[in-house]
Structure formats: C-alpha cells, structure tokens
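What follows is a short report on a single structure.
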Amino acid sequence: MALRVRQTPYGPGMLGLVVSYAVLGIWTLVVLFPLYWLFITSFKLPVQVNDGPVYLPFGDFTPSLHAWRYILVDLRNDTLRPYANTVIVGLTSSVLTLALGAAATYGLTRFNYRVRLSSVAWFMVGIAIAIGAVRLGLPWPLAVASGLAVFVLLRLAMPRRGDATGRALTNADIAFWMISQRMLPPVAVVIPIYILFQRLGMLDTRAALVVSYVAANLPIAVWLLRDYFRTIPLELEESAAIDGATRYQILWSIVLPLALPGLVATFLFIFVLAWNEYLLALFLSSANAQTMPLLVAAQNATRGPQWWYMSVLILLMIGPVIAMAIALERFIARGLLLGAVRG
Amino acid sequence: MRDGRWPTTVQADTERAAASRGVAATLARRARLDRESVLLWADRQAGAVLVLPAVLVILALSIFPLVFSLYLSLARFQPAPGGFRIHFLGLLNYRKLLLGSEQEHFLGVLAALSPGTWVVWALLSALAVLLLARSLVSAPVTPVRVLGHAIVATAALLALWLVVRTLAHGGRPGTLVVTWIYVLAGVAVQYLIGLGLATLCAQELPGRRFFRVVFLLPMMITPVGVAYTFRMLTDTAKGPFAPIAKLFGFANVSWVNDPWGARIAVMIGDLWQWTPFMFIVLLAALESQSPEPIEAAIVDGASRWQIFWHITLPQIAPVSSTLVLIRLIEAFKIFDMPNVLTAGGPGTATESLTLHAYVLWRALDYGTSAAVAYSLLFVVTFVGIAYVRLIHRRVAEAL
C-alpha cells in the first residue's frame, strides 16, 4: 500500500502509560457496557427485568432462553421476513450503488465531460413539457416520452455553436453536484418519493426501498471512490488499451481489482447505512417490505417495551455488521480517511 | 487518451492482413467488421454510458422530488378520489411556521424580555460580530466578502436572539432551536472526545488494535437499537443504574420526563454512536502525519503539550475541518434517536426538525411538512456554505 501507517515517534512514559490505559479502559467500558446489558437482558425473564436490575447471569439471576425461543421459534416468520427483507434490500442496494458509483467515478476521473449549458436548458424544457402534459391529463409514460422526444429533437436541431468556448459543466461540476446531494436531508424528498411510489403501485415493496437507497447512498460511493480511482496509475490502462482492450474491459479487469480496498470500504459503509436505515423505510414500507429497524422500533407499540424481546432483535440485527466491522476494520479507517481528507 | 478514444493501429493491422486473404476472407472480414464497429461505437460512448445511470438515478430520486417538494411546501395537498389535488397557497405554509399555529412548535415560546436576556444576548452577539470582523479583515476586503460577512452576522444575531429568548426562564425552544442544540453540542463534544481517544490510541501502546476495533463498534449499530438500549440504561427503576438513582432519591422519576434530561439522553445516545466516526478518521490522520517535525521538536526539547498544540494540531487541521463539516451536515438530520428514545417528548422538547416534519406528515399535513423540510434544507445549506467560506477554506489553505 502506498500510504504506510507511521507510528508517532514518542513513546509515553510510565505515568502516561497508566493514564492512557485508564482513559482507554473507561471508554471501552462505556462502549461495551450497553452491549453487555443488551446481551444479558435478552436472557432475562420479564420478572427479572421488572423487579429491578440484576447484573450477572448465573450470579444473581438464572438466564433463560425464553425470549430467543419466542422470537426465533414462536414468531418464526414474523422475524424471518423482516430479516430477509433487510438482507436482500441491504445487499442488492449496496451492490447496485457500488456498480453505479464505480462506473460513474471511473468516468469522472478518466474522461473530460463538457455538458453544454444549452443542453441542460433543453433538458429543462423537456421536463416542463412532460409536467405540462401530465397536468393536461396525459398518462405519465406518454408524457415522459414526449418530454424526452422534445429534448432529443431540440438538442439535435439546435446548432452547436462555440463547442469549445460556450459555457459548459465540467467533471468537477458534475462530481460536486453528485456529492452535494448528501447535504440534502432525506425528509425534504421523502414525501414526493412516497407519492411517486404510491402512483407506481410500489409502496411497501423491496424494489422501492432498493431504488431509494441506491439514490441516497450513491453520493457517498462517488465521494469515497474518487480518490482511489485517482491513485491508480494511467500507464497500466494505456498499455491495455494499446493491446486492444475496450474501456469496459479495462474498468473490469484492471481498475476494479486495483481499487479493491476502496471498493470493500465503500461497500461496507453503504451496506451498514442501508442495513440500519430507518426514515425512508418508515415512509415507504409497512408489512411486506418491513425491515429490521422498523421491527425493532415497533416493539414499543404493542404492550409497552418488551425489553427481553427487543434485546434479542437488536442483537440479531447488529450481529452481522459487527462481525463485518471486526473483520474489515483496517479497510474502514483507510477508506474513510482518503475520502475525508481530499473530499 | 483523455478524450476517451484509444489508438486503433492494432485493429487497422489485422484488417489489412485479412484483406490480403481473398474473397472468402473479405466476406468474413465484413461480418466481423460490423461487429467490431459496433464494439468500437460502444467503446466510444463509454464516457456517457458510465456516468449516465448514476446521473439519472440522482435526477429521478433527488432533484425531481426536491422540486416537487418545493411546490408542495407552497401548497395544500389533499387526497381525492383516484389521486390527489394540490391547491397552491403561496407562502402560507411558511407563514404558519413563523407566525401562525405552528410557531410554538417550530420556533418555540419566547420568554418575557428581562435585563438578563439582553445582557446575555448582547455579550454573545458582540462575540459573534467580533469574530466575524476579525475574519473579514484577515484577507483583502472586497464588496462580496463584506456582503457575505454581513449576511452571516445578521443570521447569527437573529439565531442568537431566538436561542437566548427561548432558552431563558419561561421560554420554550422549538424544533429549530432543539436541532441547533443537538448539532452544536453534539459535534463539539464528539470531536473533542474523538480527538482525545485518537491521540491516546496513536501512541505505541500494546493492544492498540483491540481498542480501535472496540471503539468502532457503536457506529455499526442501528440508531433505533442504540435508542432502545439507552432507554433501558436510563430507566431509573429497571436500568443498571437504578441503585444509584435510588441513592439520590430519583427512583421512579424518569429523567426522560424532564425536558433537559430527555435532551441530554438523546445527546448521550448520539454521542455514543458517532464519536467512533470522529475517532477513526482522526486516528488515521494522526498516524499518517509526517514524523520529521515532531522528531525535530523533541530534539529541541519541546514538551508534549507544545508538540501537540503547535505541530500535531495544525497538521490534522484540514482533516478535522472536513470531518466537522461532514458531521455538521449529518447531525442536522437527526431523527431515529429522538423518535425512538423519547418520541419527541416530553411535549415537543426533544423534537428535531426531521421529526417535526414526520409528525406533520403523519397528520396528513403534507404541505406544512414539506415547508419544515425545506426550512431544514435552507438552514443546512446556509450553515454549510458559511462554514466552508469562513472556516474550512482558510484551514485547508493554511497547510
């Protein structure tokens, strides 16, 4: 790896060592105690929770598997369905995000784009016509098609004067535009997205969640991947091109393997975001496409908080991501840092 | 090669060779040429093919909804048979937020004016104006910069006025002020703790890797789960700290029923979850700084504190600035934690702007909900731009 991790050159003294370990130990407790509490609560009987706190399994209470049995055996399908939804939506949306993000990032780091402002203006005209057509009562596929047709016609018909001198959007503008979408609070777009999927009859489907997660996480993918793609030497690609490889072959067999650490970090990051996502799921899904965060949050509604069941669900949910985090810890630091430093 | 076109000499050679092999070969060549020309054409379009899918997805699910949302925030949305109707209202939804029935919810209740409020506001305002003035004269003064600083100063004075008046005795902060509290307090505390832990972890301690992995964990956990876990932990009757609460006579008095107690509970949950992000990035920044200046400083007999303050901190300043910007933007969107931990309560004491918009959406008031969302978007954009112009750019340039 190009960037070798260097140690800071001064070692701590004896006192510094003690203080350091004390502080780090305290924070370790702060991090692990809630997880420990979650873990033991999942083995407690309701009466053991309600009569005040007990701390040690086999010490001051006898653990029971009743909550685990209830969630995994009695409620089998009601737990498995949201779990499967979360796995499917998380994996599908992350893979798609990564694919679209990697392709776009490769384009943005290797090609020079010049989107003429006039094109953008014609595009707006096309959209305006599509919206107008919908308002006039045209069915929306027809309206979109007509808007698109007008846009294509205008672009072809209008003279391309001043190709090099006219105002145009370049790579930096496109990249900035994409990444700046991350600033957008999801709540500002969720109602139109809700109405959109309602009109398409896609509310409460996994597809709706996948599509909206891809849109929500794409800016992060582009942002994190940009620096990896910049560090890949062009010479390799050039020699492959001379050997007759197409752009797609070069991307697939040279760039992507070289960018693997970045791809892993990015995948992990957007997978965790999709896995834990709550707001969009809350708006877009109810029963069929319910994901785990919704199931966990719903535990409160029925009979007051059922801590023991809730703990089991949370543990089921955080198990896989924690395992992934431990396995891929080194990738995360590097991936986030490269993105953050030069973002 | 940057224009997306590769040299085609190799191809031309094969074609010439094929041409010398008679008629049968010519026919075969023509068939292949067609395939080749298609491939070539596809290759030449690669630039557009690669970028367009991403652009279209973002256009369809961010830009169009954003435009529609703006329109919605200026209208009343009514479900109707076979669809919906939208009545255009102009700025009435925003008027409702700032002056009308949602004012208490959005802006809060202003406390009666007292000399104390005036003094606090005047002091804070003087500080803000002083800082802005110093920032203004630190670079060549141009009309654009004067205008920018004046806008930021006005916004800061108004914001301070709102914060001071609603937080004073007898006032009640609305969702706008509560969101600011979450953002400012949260980001500052998370940064400081993250920096402290990262500094300790950057030393050559045996067992560093263990700490790094452990400290990373909270970031991976679903915010909904974190919120419930903290509800368990903060329960004064059944939580692990119940004996301590009993000792101080708080038993069965849930501190989540007190406005500030509830807000602090939300902030602790947020702190627990997001300090790891600060920690991991700052740690990586500390580990990749160049060791030469520090070695030189040690030779010159600088103390550890001097080294940290004069060498390490400036070196990690650009990363810190970007990190704070990211967390600043993300923190404004806080939703899961207050929704699950306190459901926005007691009353609306812990409601963030996103939660406010959600509550209005659930009440089928789509127009006002969109107006709240747009206010949030406006605030985030304003703060983001002001931060980049006033702080981020200078810190990044200083290196």
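Starting from 1 in every chain, residues are counted up; chains themselves are A, B, ... following the order of the structure tokens, and ligands are numbered from 1 as listed.
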
Let's see if you can do this: from backbone DSSP, list all alpha helix (DSSP H) residues in region 142-296 of chain B, as a ChimeraX atom specification.
/B:143-167,175-201,208-220,223-233,242-247,259-287,292-296

Name the residues in contact with His149 (chain B) at a cut-off of 8 Å, using only C-alpha atoms, excluding same-chain residues fewer than 5 positions from it; report them as a PyMOL selection string.
chain B and resi 132-133+136

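The shortest atom-to-atom distance to Arg263 (chain B), with only C-alpha atoms taken into account, belongs to B:Trp180 out of B:Trp180, B:Tyr94, B:Trp118, B:Phe68.
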
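Of the listed residues A:Val272, A:Arg69, A:Ser286, A:Ala281, the one whose atoms come nearest to Met219 (chain B) is A:Val272, with distances taken using only C-alpha atoms.
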
Which residues are close to Phe88 (chain B), i.e. within 7 Å by only C-alpha atoms, leaving aside same-chain residues fewer than 2 positions away? Reply as a list in words.
Leu74, Ala75, Arg76, Ile86 and Gly90 of chain B

Selection: 12 Å around Tyr248 (chain A), only C-alpha atoms, excl. self and same-chain fewer than 6 positions, as a VMD selection string:
(chain A and resid 102 to 103 106 to 107 237 240 to 241 254 to 256) or (chain B and resid 4 39 to 40 42 to 47 49 to 50)

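Here CA of Glu330 (chain B) stands at a distance of 26.8 Å from CA of Val109 (chain B).
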
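Using only C-alpha atoms, the protein and nucleic acid residues lying no more than 9 Å from region 103-108 of chain B, apart from those fewer than 2 places from it along its own chain, are B:Arg95, B:Lys96, B:Leu97, B:Leu98, B:Leu99, B:Gly100, B:Ser101, B:Leu110, B:Leu162, B:Thr166, B:Gly171, B:Arg172, B:Pro173, B:Gly174, B:Thr175, B:Leu176, B:Val177, B:Thr348, B:Leu353, B:His356, B:Val372.
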
Could you turn the residues from that selection into a file that holds C-alpha atoms, as a CSV table (one decimal), in the first residue's frame?
chain,number,residue,atom,x,y,z
B,95,ARG,CA,-46.2,31.9,7.5
B,96,LYS,CA,-47.9,29.3,9.6
B,97,LEU,CA,-44.5,28.1,10.8
B,98,LEU,CA,-43.1,31.5,11.5
B,99,LEU,CA,-46.2,33.4,12.8
B,100,GLY,CA,-49.2,31.1,12.8
B,101,SER,CA,-50.4,28.0,14.5
B,110,LEU,CA,-40.2,33.4,23.7
B,162,LEU,CA,-34.1,33.2,19.2
B,166,THR,CA,-36.4,30.6,24.1
B,171,GLY,CA,-39.5,30.3,27.3
B,172,ARG,CA,-39.6,27.0,25.4
B,173,PRO,CA,-37.3,26.1,22.5
B,174,GLY,CA,-39.0,24.9,19.3
B,175,THR,CA,-37.8,22.2,17.0
B,176,LEU,CA,-35.4,24.6,15.2
B,177,VAL,CA,-33.5,25.6,18.4
B,348,THR,CA,-42.1,18.6,21.9
B,353,LEU,CA,-36.7,19.3,12.5
B,356,HIS,CA,-41.3,17.6,13.2
B,372,VAL,CA,-40.5,22.3,7.6

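You will find CA of Leu316 (chain A) at 26.7 Å from CA of Gly344 (chain B).
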
Excluding Arg362 (chain B) and residues on its chain fewer than 6 positions from it, collect all residues at most 12 Å away from it, counting only C-alpha atoms, and give them as a VMD selection string.
(chain A and resid 191 282 to 283) or (chain B and resid 355 to 356 368 to 369)

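Counting only C-alpha atoms and comparing B:Phe210, B:Trp121, B:Tyr374, B:Trp260, the residue that lies closest to chain A is B:Tyr374.
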
Do you know which residues are at most 12 Å from Ala150 (chain B) counting only C-alpha atoms, after dropping those on the same chain fewer than 6 positions away, and could you put them as a compact mmCIF listing (two decimals) with C-alpha atoms, in the first residue's frame?
# COMPACT_ATOMS: atom_id res chain seq x y z
CA ALA B 128 -20.01 36.77 17.16
CA VAL B 129 -19.58 40.17 15.49
CA LEU B 132 -16.68 37.86 12.05
CA ALA B 133 -14.95 41.25 11.89
CA SER B 135 -12.27 37.09 9.87
CA LEU B 136 -13.24 39.89 7.47
CA PRO B 143 -17.59 44.13 -1.54
CA VAL B 144 -18.59 40.46 -1.96
CA ALA B 156 -26.06 34.85 13.71
CA LEU B 157 -27.67 37.74 15.61
CA ALA B 386 -20.97 29.75 5.72

Counting only C-alpha atoms, the option among B:Val38, B:Ala185, B:Ile294, B:Leu313 closest to chain A
B:Ile294

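Shortest atom-to-atom contact with Lys238 (chain B) among A:Asn50, A:Tyr55, A:Leu32, A:Met14: A:Asn50, counting only C-alpha atoms.
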
In Å, how far is it from CA of Ile316 (chain B) to CA of Glu287 (chain B)?
10.0 Å

When DSSP works through the backbone of this structure, what residues of region 72-308 of chain B end up as strand (DSSP E or B), shown as a ChimeraX atom specification?
/B:75-80,83-88,108-109,172-173

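The residue that comes closest to chain B, out of A:Ile318, A:Leu196, A:Met324, A:Leu56 and on the basis of only C-alpha atoms, is A:Ile318.
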